file work17.cif (mmCIF, C-alpha atoms)
data_input
loop_
_atom_site.label_atom_id
_atom_site.label_comp_id
_atom_site.auth_asym_id
_atom_site.auth_seq_id
_atom_site.Cartn_x
_atom_site.Cartn_y
_atom_site.Cartn_z
CA MET A 191 201.69 154.37 258.17
CA ALA A 192 204.23 153.18 255.57
CA GLU A 193 202.55 149.82 255.06
CA GLN A 194 199.30 151.63 254.24
CA LYS A 195 200.78 153.73 251.42
CA LYS A 196 199.28 152.66 248.13
CA LEU A 197 202.51 152.94 246.16
CA LEU A 198 204.47 150.82 248.63
CA ARG A 199 201.70 148.21 248.62
CA ALA A 200 201.94 147.96 244.82
CA LEU A 201 205.71 147.62 245.01
CA ALA A 202 205.27 144.83 247.55
CA GLY A 203 203.22 142.95 244.96
CA GLU A 204 199.67 143.81 246.01
CA THR A 205 196.94 144.04 243.40
CA GLN A 206 194.67 147.00 244.18
CA ASP A 207 191.26 147.94 242.82
CA VAL A 208 192.54 151.45 242.09
CA PRO A 209 196.24 151.68 241.30
CA PRO A 210 198.43 154.34 242.88
CA ILE A 211 199.29 157.16 240.53
CA TRP A 212 202.10 159.64 240.02
CA MET A 213 203.63 161.19 236.93
CA MET A 214 207.18 161.56 235.65
CA ARG A 215 208.22 165.24 235.66
CA GLN A 216 205.09 166.04 237.63
CA ALA A 217 206.93 169.04 239.07
CA GLY A 218 207.61 171.03 235.94
CA ARG A 219 207.01 173.80 233.47
CA TYR A 220 203.42 172.89 232.63
CA LEU A 221 202.45 174.24 236.08
CA PRO A 222 202.27 178.02 236.55
CA GLU A 223 203.32 177.70 240.18
CA TYR A 224 206.47 175.87 239.09
CA ARG A 225 207.35 178.60 236.61
CA ALA A 226 206.98 181.21 239.33
CA THR A 227 209.28 179.32 241.72
CA ARG A 228 211.85 178.69 239.02
CA ALA A 229 211.88 182.42 238.22
CA GLU A 230 212.53 183.07 241.91
CA ALA A 231 215.44 180.61 241.87
CA GLY A 232 217.00 182.30 238.83
CA ASP A 233 217.90 179.22 236.78
CA PHE A 234 217.38 175.47 236.71
CA LEU A 235 220.54 174.40 238.54
CA SER A 236 220.01 177.03 241.24
CA LEU A 237 216.56 175.54 241.76
CA CYS A 238 217.97 172.01 242.03
CA TYR A 239 220.51 173.07 244.65
CA ASN A 240 218.14 175.20 246.76
CA PRO A 241 216.56 172.77 249.25
CA GLU A 242 213.69 175.06 250.23
CA LEU A 243 212.69 175.89 246.64
CA ALA A 244 213.27 172.32 245.39
CA THR A 245 211.01 171.13 248.21
CA GLU A 246 208.39 173.67 247.19
CA VAL A 247 208.26 172.59 243.54
CA THR A 248 208.15 168.91 244.57
CA LEU A 249 205.15 169.64 246.78
CA GLN A 250 203.25 171.72 244.21
CA PRO A 251 201.76 168.81 242.20
CA ILE A 252 200.94 166.99 245.44
CA ARG A 253 198.90 169.98 246.65
CA ARG A 254 197.20 170.42 243.29
CA TYR A 255 196.44 166.80 242.39
CA GLY A 256 196.94 164.57 245.44
CA PHE A 257 199.28 162.14 243.70
CA ASP A 258 200.17 159.00 245.65
CA ALA A 259 203.89 159.76 245.36
CA ALA A 260 206.25 162.70 245.14
CA ILE A 261 209.53 162.40 243.29
CA LEU A 262 212.53 164.42 244.40
CA PHE A 263 213.14 167.46 242.21
CA ALA A 264 216.69 167.14 240.87
CA ASP A 265 218.42 166.16 237.61
CA ILE A 266 220.29 163.06 236.48
CA LEU A 267 223.31 165.18 235.49
CA LEU A 268 224.05 166.33 239.03
CA VAL A 269 226.09 163.14 239.49
CA PRO A 270 228.54 163.96 236.66
CA GLN A 271 228.83 167.48 238.05
CA ALA A 272 229.58 166.06 241.49
CA LEU A 273 232.28 163.87 239.91
CA GLY A 274 233.93 166.99 238.52
CA ALA A 275 232.41 167.51 235.08
CA ASP A 276 231.42 171.03 234.10
CA LEU A 277 227.63 171.34 233.73
CA TRP A 278 225.52 174.18 232.44
CA PHE A 279 222.15 174.60 230.77
CA VAL A 280 221.54 176.48 227.52
CA THR A 281 218.10 178.08 227.41
CA GLY A 282 215.90 176.32 224.88
CA GLU A 283 218.54 173.69 224.12
CA GLY A 284 219.16 171.76 227.32
CA PRO A 285 222.22 170.58 229.23
CA ARG A 286 225.86 170.87 228.24
CA LEU A 287 228.79 169.11 229.89
CA SER A 288 232.54 168.98 229.49
CA THR A 289 233.26 165.79 227.54
CA ILE A 290 235.00 162.56 228.56
CA THR A 291 236.57 161.09 225.42
CA THR A 292 240.20 160.46 226.47
CA GLU A 293 242.06 159.02 229.43
CA ALA A 294 243.20 162.55 230.26
CA ASP A 295 239.57 163.69 230.46
CA PHE A 296 238.73 160.77 232.71
CA ALA A 297 241.71 161.51 234.97
CA LYS A 298 240.25 164.95 235.71
CA LEU A 299 237.20 163.43 237.39
CA GLY A 300 237.24 163.30 241.16
CA PRO A 301 236.83 160.24 243.37
CA VAL A 302 233.39 158.97 244.25
CA SER A 303 234.06 159.80 247.90
CA ASP A 304 233.99 163.52 247.04
CA ILE A 305 230.51 163.66 245.46
CA HIS A 306 228.59 164.34 248.65
CA GLU A 307 230.10 167.80 249.09
CA THR A 308 228.28 168.87 245.91
CA LEU A 309 225.17 166.75 246.49
CA ASN A 310 224.48 167.59 250.15
CA PRO A 311 221.77 170.13 249.19
CA ILE A 312 219.92 167.31 247.42
CA TYR A 313 219.96 165.19 250.55
CA GLU A 314 218.67 168.18 252.52
CA THR A 315 215.76 168.47 250.05
CA VAL A 316 214.93 164.81 250.71
CA ARG A 317 214.99 165.42 254.46
CA LEU A 318 212.68 168.42 254.13
CA LEU A 319 210.28 166.49 251.90
CA SER A 320 210.24 163.54 254.26
CA SER A 321 208.80 165.83 256.93
CA ALA A 322 206.56 167.96 254.68
CA LEU A 323 204.71 165.37 252.63
CA PRO A 324 201.25 164.12 253.61
CA ALA A 325 201.35 160.90 255.59
CA GLU A 326 199.86 158.88 252.72
CA THR A 327 202.32 160.14 250.07
CA THR A 328 205.38 158.06 249.18
CA LEU A 329 208.71 159.84 248.60
CA ILE A 330 210.68 158.63 245.57
CA GLY A 331 214.38 159.34 245.10
CA PHE A 332 216.09 158.77 241.78
CA ALA A 333 219.22 158.77 239.66
CA GLY A 334 220.09 158.28 236.03
CA ALA A 335 221.31 154.86 234.99
CA PRO A 336 225.04 154.62 234.23
CA TRP A 337 224.61 154.10 230.47
CA THR A 338 222.33 157.11 230.08
CA VAL A 339 224.52 159.34 232.23
CA ALA A 340 227.60 158.17 230.32
CA THR A 341 226.02 159.14 226.98
CA TYR A 342 225.77 162.74 228.18
CA MET A 343 229.27 162.76 229.69
CA ILE A 344 230.83 161.42 226.49
CA ALA A 345 228.93 163.63 224.02
CA GLY A 346 228.67 166.67 226.27
CA ARG A 347 224.96 166.92 225.47
CA GLY A 348 221.94 164.86 224.52
CA THR A 349 222.19 163.23 221.09
CA PRO A 350 219.50 161.59 218.94
CA ASP A 351 221.26 158.24 218.62
CA GLN A 352 223.85 158.29 221.45
CA GLY A 353 226.42 157.92 218.68
CA PRO A 354 229.45 159.33 220.55
CA ALA A 355 228.95 156.86 223.41
CA HIS A 356 228.58 153.93 221.02
CA LEU A 357 231.72 155.05 219.21
CA LEU A 358 233.78 155.23 222.42
CA ARG A 359 232.37 151.87 223.50
CA ARG A 360 233.73 150.31 220.32
CA GLU A 361 237.01 152.22 219.91
CA ASN A 362 238.18 152.54 223.52
CA ASN A 363 236.22 150.01 225.51
CA ALA A 364 238.57 150.13 228.49
CA LEU A 365 237.95 153.86 228.94
CA PHE A 366 234.22 153.45 228.36
CA GLU A 367 233.94 150.71 230.97
CA ALA A 368 236.06 152.67 233.45
CA LEU A 369 233.67 155.61 233.09
CA LEU A 370 230.63 153.37 233.44
CA GLY A 371 232.14 151.82 236.56
CA ARG A 372 232.80 155.23 238.13
CA ILE A 373 229.22 156.32 237.44
CA THR A 374 227.83 153.06 238.81
CA GLU A 375 229.77 153.44 242.05
CA ALA A 376 228.74 157.08 242.40
CA THR A 377 225.09 156.22 241.74
CA ILE A 378 225.09 153.63 244.53
CA GLU A 379 226.47 156.20 246.97
CA TYR A 380 224.09 158.93 245.79
CA LEU A 381 220.97 156.79 246.08
CA SER A 382 222.09 155.34 249.38
CA MET A 383 222.35 158.85 250.82
CA GLN A 384 218.89 159.70 249.48
CA ILE A 385 217.52 156.63 251.26
CA LYS A 386 219.27 157.61 254.50
CA ALA A 387 217.72 161.08 254.16
CA GLY A 388 214.20 159.67 253.86
CA ALA A 389 213.52 158.37 250.32
CA GLU A 390 211.17 155.38 250.59
CA VAL A 391 211.65 154.17 247.00
CA VAL A 392 214.33 154.86 244.41
CA LYS A 393 214.02 154.84 240.64
CA ILE A 394 216.79 154.28 238.09
CA PHE A 395 216.11 156.14 234.84
CA ASP A 396 217.79 154.57 231.80
CA SER A 397 216.33 156.93 229.22
CA TRP A 398 218.58 155.69 226.40
CA ALA A 399 218.53 151.95 227.16
CA GLY A 400 216.69 151.36 223.89
CA SER A 401 219.75 152.24 221.85
CA LEU A 402 221.58 149.21 223.25
CA SER A 403 220.96 145.78 221.73
CA GLY A 404 221.88 142.17 222.37
CA LYS A 405 224.86 141.59 224.64
CA ALA A 406 225.47 145.34 224.92
CA PHE A 407 222.05 145.78 226.56
CA GLU A 408 222.83 143.01 229.03
CA LYS A 409 226.28 144.39 229.82
CA TYR A 410 225.63 148.14 229.92
CA ALA A 411 221.94 148.51 230.85
CA LEU A 412 220.91 145.38 232.73
CA GLU A 413 224.13 144.66 234.64
CA PRO A 414 224.71 148.15 236.12
CA CYS A 415 221.06 148.23 237.22
CA ARG A 416 221.56 144.85 238.87
CA GLN A 417 224.73 146.04 240.64
CA ILE A 418 223.06 149.20 241.93
CA THR A 419 219.93 147.36 243.08
CA GLU A 420 221.90 144.63 244.82
CA ALA A 421 224.14 147.12 246.65
CA LEU A 422 221.21 149.25 247.79
CA LYS A 423 219.24 146.25 249.05
CA GLN A 424 222.27 145.00 250.96
CA ARG A 425 222.66 148.37 252.67
CA HIS A 426 218.96 149.12 253.05
CA PRO A 427 217.00 145.87 253.34
CA GLY A 428 213.46 146.21 252.06
CA ILE A 429 214.05 149.33 249.98
CA PRO A 430 212.00 149.07 246.78
CA VAL A 431 213.67 149.89 243.45
CA ILE A 432 211.94 150.84 240.19
CA GLY A 433 213.87 150.29 236.96
CA PHE A 434 213.08 152.16 233.75
CA PRO A 435 215.00 150.83 230.72
CA ARG A 436 213.08 153.06 228.32
CA GLU A 437 212.33 151.65 224.86
CA ALA A 438 213.71 148.25 225.84
CA GLY A 439 210.93 146.55 223.85
CA ASP A 440 211.02 142.79 224.29
CA LYS A 441 214.00 143.22 226.63
CA TYR A 442 211.52 144.37 229.27
CA VAL A 443 210.71 140.66 229.58
CA GLY A 444 212.71 139.17 232.44
CA PHE A 445 214.26 142.53 233.39
CA ALA A 446 212.89 142.43 236.94
CA LYS A 447 214.21 138.94 237.61
CA ALA A 448 217.60 139.70 236.08
CA THR A 449 218.18 142.94 237.99
CA GLY A 450 216.26 142.45 241.22
CA VAL A 451 214.13 145.57 240.79
CA ASP A 452 210.70 145.51 242.40
CA CYS A 453 208.96 147.25 239.52
CA VAL A 454 209.59 147.77 235.81
CA ALA A 455 208.47 151.11 234.40
CA LEU A 456 207.21 150.86 230.83
CA ASP A 457 207.29 153.41 228.04
CA ASN A 458 204.21 153.83 225.86
CA SER A 459 205.65 151.99 222.85
CA VAL A 460 204.64 148.65 224.40
CA ASP A 461 201.06 147.41 224.44
CA PRO A 462 199.63 147.09 227.97
CA ALA A 463 197.99 143.73 227.23
CA TRP A 464 201.32 142.36 225.99
CA ALA A 465 203.16 143.81 228.98
CA ALA A 466 200.62 142.32 231.39
CA ALA A 467 201.20 138.88 229.90
CA HIS A 468 204.99 139.06 229.62
CA VAL A 469 206.32 141.60 232.16
CA GLN A 470 203.74 141.94 234.94
CA VAL A 471 203.93 138.19 235.51
CA ASP A 472 207.21 138.88 237.33
CA GLY A 473 205.79 141.62 239.59
CA CYS A 474 204.78 145.25 239.65
CA VAL A 475 204.77 147.34 236.48
CA GLN A 476 204.49 151.10 236.11
CA GLY A 477 203.00 153.05 233.22
CA ASN A 478 202.25 153.64 230.48
CA LEU A 479 199.97 156.37 229.12
CA ALA A 480 201.38 158.41 226.21
CA SER A 481 202.35 161.85 227.46
CA ARG A 482 200.80 163.44 224.34
CA HIS A 483 197.41 162.89 225.98
CA MET A 484 198.34 165.53 228.54
CA VAL A 485 198.43 168.00 225.65
CA THR A 486 195.54 166.81 223.51
CA GLY A 487 193.09 165.68 226.21
CA GLY A 488 189.60 164.69 225.11
CA GLN A 489 187.85 161.35 225.24
CA GLU A 490 190.91 159.55 223.87
CA LEU A 491 192.78 160.44 227.07
CA VAL A 492 189.99 158.95 229.19
CA ASP A 493 189.65 155.85 227.01
CA ASP A 494 193.38 155.10 226.92
CA THR A 495 193.69 155.65 230.66
CA ARG A 496 190.87 153.20 231.35
CA ARG A 497 192.30 150.69 228.88
CA ILE A 498 195.65 150.70 230.67
CA VAL A 499 194.09 150.38 234.12
CA LYS A 500 192.01 147.43 232.90
CA ALA A 501 194.94 145.70 231.17
CA PHE A 502 197.05 145.78 234.32
CA GLY A 503 194.14 145.23 236.71
CA ASN A 504 194.97 141.63 237.57
CA GLY A 505 198.37 142.39 239.08
CA PRO A 506 200.38 145.03 240.92
CA HIS A 507 200.37 148.28 238.93
CA ILE A 508 201.44 151.89 239.40
CA PHE A 509 199.72 154.21 236.94
CA ASN A 510 202.07 156.67 235.22
CA LEU A 511 202.94 158.09 231.85
CA GLY A 512 205.26 156.28 229.46
CA HIS A 513 207.61 159.27 229.54
CA GLY A 514 207.75 162.63 231.32
CA ILE A 515 204.96 165.18 230.98
CA THR A 516 205.89 167.92 228.49
CA PRO A 517 205.92 171.68 229.15
CA ASP A 518 203.01 172.26 226.74
CA ALA A 519 200.66 169.98 228.71
CA ASP A 520 197.34 171.32 229.99
CA PRO A 521 197.09 171.01 233.80
CA ASP A 522 193.37 170.26 233.42
CA ASN A 523 194.21 167.14 231.41
CA VAL A 524 196.24 165.83 234.32
CA GLN A 525 193.15 166.04 236.50
CA ARG A 526 191.10 164.28 233.82
CA MET A 527 193.62 161.44 233.80
CA ILE A 528 193.52 161.14 237.59
CA ASP A 529 189.74 161.12 237.61
CA ALA A 530 189.71 158.39 234.95
CA VAL A 531 192.05 156.25 237.07
CA ARG A 532 190.31 156.80 240.40
CA ASP A 533 186.69 157.06 239.33
CA GLY A 534 186.78 154.68 236.38
#
call {"tool": "encode", "arguments": {"input": "work17.cif", "output": "structure tokens"}}
result
Amino acid sequence: MAEQKKLLRALAGETQDVPPIWMMRQAGRYLPEYRATRAEAGDFLSLCYNPELATEVTLQPIRRYGFDAAILFADILLVPQALGADLWFVTGEGPRLSTITTEADFAKLGPVSDIHETLNPIYETVRLLSSALPAETTLIGFAGAPWTVATYMIAGRGTPDQGPAHLLRRENNALFEALLGRITEATIEYLSMQIKAGAEVVKIFDSWAGSLSGKAFEKYALEPCRQITEALKQRHPGIPVIGFPREAGDKYVGFAKATGVDCVALDNSVDPAWAAAHVQVDGCVQGNLASRHMVTGGQELVDDTRRIVKAFGNGPHIFNLGHGITPDADPDNVQRMIDAVRDG
């Protein structure tokens, strides 16, 4: 059945009349059924680490919309927690972590070999999903890219400009690169275990790649993605990898060839016609409808959706948003988007 799955066919380079479709953060707060399950779990991290409930919220958008793929419900900051960082979530503000700014902080982290003790519930969720999903639905595993994860570990929270990470990179590069190396190694092991548990595709989310420029982008965004992709493909021949260096701009060009990923996910700051000419020439692309359309709806949603499908229609394409769906989105607008993709 795997070779018949629309998403896997796109990742293998096939051009399809109707592209496969899924949506970043498709299991989330915009859905009333998600909010009910999260309330049952008690809090966000408890939901992530409860395989039965995490499986349920992953399945909810599949039942409602019939997406071509399900993405594991988890969080990119589970890896730092598994390495020994303290992690908690502040309601209305987001994640908080203990910071890594000195060699002493770094020394407190555990070895990569210890991460699975914390992350075993995530692998169990993957196993459950692998059995529960419809036969035509592809299961995507994921992790945060090392640079993006490092920005949170260094600052202890999300920051508008990733300033603390850039500062450490300049002032104590040896420590910064040691941290990035530890995260890279842990990410390889984490994704490898997801694949063993049943993930058919993995995605590397580099949400803050756009704040790196020039040689720094090559060294800290492109190169770790290449290392992870190479290691996974050596261990799991044929496993497709999606890379998402968000807001990379013209650095999207050549990213697939340089890293070995099978698909480049695009944010909505790049024009689809430009991306078709300069990025899709190297293989599959994913994206890139603005997530605001899921809030505002209307004819503009339909028109932009059709424009994107048309722009990428001459090559392999996975339809998605350019960023995650937001909690204030209207579930009916998601259906309108799907209808515009599938019915034209």
call {"tool": "closest_atom_pairs", "arguments": {"input": "work17.cif", "of": "range 299-373 of chain A", "to": "range 269-283 of chain A", "cutoff": "10 Å", "atoms": "only C-alpha atoms", "output": "tab-separated table"}}
result
residue	atom	partner	partner_atom	distance
A:Leu299	CA	A:Gly274	CA	5.0
A:Gly300	CA	A:Leu273	CA	5.1
A:Pro301	CA	A:Leu273	CA	6.8
A:Val302	CA	A:Leu273	CA	6.6
A:Ser303	CA	A:Leu273	CA	9.1
A:Asp304	CA	A:Leu273	CA	7.3
A:Ile305	CA	A:Ala272	CA	4.7
A:His306	CA	A:Ala272	CA	7.4
A:Glu307	CA	A:Ala272	CA	7.8
A:Thr308	CA	A:Ala272	CA	5.4
A:Leu309	CA	A:Ala272	CA	6.7
A:Ala333	CA	A:Val269	CA	8.1
A:Gly334	CA	A:Val269	CA	8.5
A:Val339	CA	A:Pro270	CA	7.6
A:Ala340	CA	A:Pro270	CA	8.6
A:Tyr342	CA	A:Pro270	CA	9.0
A:Met343	CA	A:Pro270	CA	7.1
A:Gly346	CA	A:Leu277	CA	8.9
A:Arg347	CA	A:Glu283	CA	9.4
A:Gly348	CA	A:Glu283	CA	9.5
A:Arg372	CA	A:Leu273	CA	8.8
A:Ile373	CA	A:Pro270	CA	7.7
call {"tool": "atom_distance", "arguments": {"input": "work17.cif", "atom1": "CA of Ala244 in chain A", "atom2": "CA of Phe263 in chain A"}}
result
5.8 Å
call {"tool": "atom_distance", "arguments": {"input": "work17.cif", "atom1": "CA of Val454 in chain A", "atom2": "CA of Ala200 in chain A"}}
result
11.8 Å
call {"tool": "atom_distance", "arguments": {"input": "work17.cif", "atom1": "CA of Gly404 in chain A", "atom2": "CA of Lys441 in chain A"}}
result
9.0 Å
call {"tool": "resolve_selection", "arguments": {"input": "work17.cif", "expression": "the PyMOL selection byres ((chain A and resi 388) around 7)", "output": "list in words"}}
result
Val316, Arg317, Ser320, Gln384, Ile385, Lys386, Ala387, Ala389 and Glu390 of chain A
call {"tool": "resolve_selection", "arguments": {"input": "work17.cif", "expression": "the PyMOL selection byres ((chain A and resi 215) around 6)", "output": "list in words"}}
result
Met214, Gln216, Ala217, Gly218, Gly514 and Ile515 of chain A
call {"tool": "residues_near_point", "arguments": {"input": "work17.cif", "point": "(209.8, 143.1, 227.6)", "cutoff": "9 Å", "atoms": "only C-alpha atoms", "output": "JSON, numbers by chain"}}
result
{"A": [438, 439, 440, 441, 442, 443, 444, 445, 456, 460, 464, 465, 468, 469]}
call {"tool": "write_last_selection", "arguments": {"input": "work17.cif", "atoms": "C-alpha atoms", "output": "mmCIF file, in the frame of the given file"}}
result
data_model
loop_
_atom_site.group_PDB
_atom_site.id
_atom_site.type_symbol
_atom_site.label_atom_id
_atom_site.label_comp_id
_atom_site.auth_asym_id
_atom_site.auth_seq_id
_atom_site.Cartn_x
_atom_site.Cartn_y
_atom_site.Cartn_z
ATOM 1 C CA ALA A 438 213.710 148.250 225.840
ATOM 2 C CA GLY A 439 210.930 146.550 223.850
ATOM 3 C CA ASP A 440 211.020 142.790 224.290
ATOM 4 C CA LYS A 441 214.000 143.220 226.630
ATOM 5 C CA TYR A 442 211.520 144.370 229.270
ATOM 6 C CA VAL A 443 210.710 140.660 229.580
ATOM 7 C CA GLY A 444 212.710 139.170 232.440
ATOM 8 C CA PHE A 445 214.260 142.530 233.390
ATOM 9 C CA LEU A 456 207.210 150.860 230.830
ATOM 10 C CA VAL A 460 204.640 148.650 224.400
ATOM 11 C CA TRP A 464 201.320 142.360 225.990
ATOM 12 C CA ALA A 465 203.160 143.810 228.980
ATOM 13 C CA HIS A 468 204.990 139.060 229.620
ATOM 14 C CA VAL A 469 206.320 141.600 232.160
#
call {"tool": "closest_residue", "arguments": {"input": "work17.cif", "among": "A:Pro311, A:Gly284, A:Gly331, A:Pro222", "to": "Ala259 in chain A", "atoms": "all atoms listed in the file"}}
result
A:Gly331
call {"tool": "closest_residue", "arguments": {"input": "work17.cif", "among": "A:Asn240, A:Val524, A:His426, A:Arg286", "to": "Gly256 in chain A", "atoms": "only C-alpha atoms"}}
result
A:Val524
call {"tool": "closest_residue", "arguments": {"input": "work17.cif", "among": "A:Asp295, A:Asp472, A:Glu246, A:Glu437", "to": "Cys453 in chain A", "atoms": "all atoms listed in the file"}}
result
A:Asp472
call {"tool": "closest_residue", "arguments": {"input": "work17.cif", "among": "A:Ala229, A:Ile432, A:Leu511, A:Ala345", "to": "Leu198 in chain A", "atoms": "all atoms listed in the file"}}
result
A:Ile432
call {"tool": "resolve_selection", "arguments": {"input": "work17.cif", "expression": "the PyMOL selection byres ((chain A and resi 433) around 7)", "output": "JSON list (two decimals) with C-alpha atoms, in the frame of the given file"}}
result
[["chain", "number", "residue", "atom", "x", "y", "z"],
["A", 393, "LYS", "CA", 214.02, 154.84, 240.64],
["A", 394, "ILE", "CA", 216.79, 154.28, 238.09],
["A", 395, "PHE", "CA", 216.11, 156.14, 234.84],
["A", 431, "VAL", "CA", 213.67, 149.89, 243.45],
["A", 432, "ILE", "CA", 211.94, 150.84, 240.19],
["A", 434, "PHE", "CA", 213.08, 152.16, 233.75],
["A", 435, "PRO", "CA", 215.00, 150.83, 230.72],
["A", 451, "VAL", "CA", 214.13, 145.57, 240.79],
["A", 453, "CYS", "CA", 208.96, 147.25, 239.52],
["A", 454, "VAL", "CA", 209.59, 147.77, 235.81],
["A", 455, "ALA", "CA", 208.47, 151.11, 234.40]]
call {"tool": "closest_residue", "arguments": {"input": "work17.cif", "among": "A:Met527, A:Leu267, A:Val475, A:Leu197", "to": "Pro506 in chain A", "atoms": "only C-alpha atoms"}}
result
A:Val475
call {"tool": "closest_residue", "arguments": {"input": "work17.cif", "among": "A:Ile418, A:Val485, A:Val208, A:Cys474", "to": "Ser382 in chain A", "atoms": "only C-alpha atoms"}}
result
A:Ile418
call {"tool": "residues_around", "arguments": {"input": "work17.cif", "residues": "Thr338 in chain A", "least_positions_apart": "2", "cutoff": "6 Å", "atoms": "only C-alpha atoms", "output": "list in words"}}
result
Ala335, Pro336, Ala340, Thr341, Asp396 and Trp398 of chain A
call {"tool": "residues_around", "arguments": {"input": "work17.cif", "residues": "Asp494 in chain A", "least_positions_apart": "5", "cutoff": "9 Å", "atoms": "all atoms listed in the file", "output": "list in words"}}
result
Leu479, Ala480, His483, Gln489 and Val499 of chain A
